[in-house]
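Structure, as structure tokens:
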Amino acid sequence: MHPGGSGWTTWSGTSQPVATYMAPGDPSSPQNGIGSWASLGVSSYVGNMQALGGMGWSGAPDFGYMNWYAGWAGDTNAPTASIPKSFRDGTSNTITFLEKYSECGDGSISPSYYQAARETLWSYAYYHGVSGYPNGPIYNVIGSEALPNLRDMPQFAPTDHQCDYARVQGYYSAVIQVAMGDGSSRAVGPEISLTTWYRALNPKDGQVLGPEW
């Protein structure tokens with residue numbers, strides 16, 4: 001069954017944790033690997049919608065179709081991502097996956113139910129219609145270089161109270177690990193600028209990454 005398909009709640013596989021998708025350094029990951037929302041197996045990683053959904057942007061991002069699996073599923077209503085064809089900036093310059101707290105927040109950031117951004121990376125995605133808020137295993141930015149939004153910056157070792165469901169989180173104060181389209185990984189620090197962050201997320205903007213990259 002593809003992610004987000006009807007009847008997912010009856011598939012027992014969604015409630016099973018997958019150790020590969022649970023980061024040892026994720027301080028929010030429950031010991032048994034089962035999240036507090038819908039009793040799903042948790043994931044410590046999210047996919048970059050801008051790249052994996054085949055979207056990118058030239059002005060403001062197009063949030064009209066947010067199911068993260070659409071580009072892979074061959075949906076005729078959605079862009080299609082493929083490596084390396086849709087990674088025009090180069091696979092080594094484009095982020096594909098990122099760290100994120102598997103259980104984000106204490107419900108203090110409104111609306112509190114979006115704190116349950118806890119769906120399993122390998123079995124479920126959810127289209128919720130709220131631009132930029134990843135209520136599933138995706139990372140979809142709110143702004144762009146043309147319309148920047150500081151809420152798109154990664155968080156570094158936030159407390160439960162500080163954890164923002166619309167952002168990604170590094171597990172340590174000095175770094176967040178990201179995977180690139182060529183299979184390599186990179187440690188990104190707090191000195192990263194919002195402009196460079198956007199350019200690394202966008203697979204086809206034709207822009208050069210900043211010197212802090």
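In the structure tokens, chains take letters A, B, ... by order of appearance, with residues numbered from 1 within each chain and ligands from 1 in the order shown.
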
Identify, on the basis of only C-alpha atoms, every residue whose closest approach to A:Gly35 does not exceed 8 Å; exclude the query and any residue fewer than 5 positions from it along the same chain; express the result as a ChimeraX atom specification. /A:29-30,40-42,102-103,118

Expected file: the selected residues, C-alpha atoms, as a compact mmCIF listing (two decimals), in the first residue's frame:
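Listing of out_0.txt after writing:
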# COMPACT_ATOMS: atom_id res chain seq x y z
CA SER A 29 12.50 9.22 20.31
CA PRO A 30 10.55 6.91 22.65
CA LEU A 40 2.77 4.65 14.90
CA GLY A 41 6.41 3.70 14.62
CA VAL A 42 8.38 6.92 14.84
CA SER A 102 10.39 12.23 16.08
CA GLU A 103 8.19 13.57 18.89
CA ARG A 118 4.95 11.86 14.09

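Of note, atom CA of A:Ser144 and atom CA of A:Ser108 are spaced 26.2 Å apart.
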
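With distances restricted to only C-alpha atoms, A:Asn93 is the closest residue to A:Trp213 from A:Asn93, A:Gln162, A:Met22, A:Gln155.
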
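Atom CA of A:Ala81 lies 5.6 Å from atom CA of A:Leu52.
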
For A:Thr159, list every protein, DNA or RNA residue within 10 Å, evaluated using only C-alpha atoms, and leave out those in the same chain fewer than 2 positions away; present the list as an MDAnalysis selection string. chainID A and resid 27:28 104:106 155:157 161:164

Would you export the selected residues with C-alpha atoms as a tab-separated table (two decimals), in the first residue's frame, please?
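Saved the output as again-v3.tsv:
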chain	number	residue	atom	x	y	z
A	27	PRO	CA	16.41	12.83	22.33
A	28	SER	CA	12.68	12.78	21.61
A	104	CYS	CA	8.17	17.35	18.60
A	105	GLY	CA	6.92	19.73	21.25
A	106	ASP	CA	4.76	19.81	24.35
A	155	GLN	CA	16.52	24.31	15.29
A	156	PHE	CA	19.54	23.04	17.18
A	157	ALA	CA	18.81	20.88	20.23
A	161	HIS	CA	8.79	23.49	24.85
A	162	GLN	CA	10.81	25.14	22.07
A	163	CYS	CA	10.37	22.42	19.46
A	164	ASP	CA	8.43	23.76	16.46

Which value, in Å to one decimal, gives the distance between atom CA of A:Tyr165 and atom CA of A:Gly189? 19.7 Å

Point out the residue among A:Gln169, A:Asn202, A:Asn32, A:Thr196 with the least atom-to-atom distance to A:Gly53, counting only C-alpha atoms. A:Asn202

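Minimum atom-to-atom distances from A:Ser36, A:Tyr171, A:Gly47, A:Leu150 to A:Ala23 were compared using only C-alpha atoms, and the lowest value belongs to A:Tyr171.
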
Residue neighbourhood A:Gln177, 9 Å, only C-alpha atoms, exclusion window fewer than 5 positions, as an MDAnalysis selection string: chainID A and resid 97:99 170:171 185:189

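With only C-alpha atoms taken into account, the protein and nucleic acid residues at most 9 Å from A:Gly206 (excluding it and anything under 3 positions from it in its own chain) are Arg88, Asp89, Arg199, Asn202 and Pro203 of chain A.
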
Can you tell me which residues surround A:Met180 at a distance of at most 7 Å, considering only C-alpha atoms, apart from same-chain residues fewer than 5 positions away, and format the answer as a PyMOL selection string? chain A and resi 91-96+185

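Closest to A:Val18 among A:Pro190, A:Met49, A:Ser44, A:Asp152 is A:Ser44, based on only C-alpha atoms.
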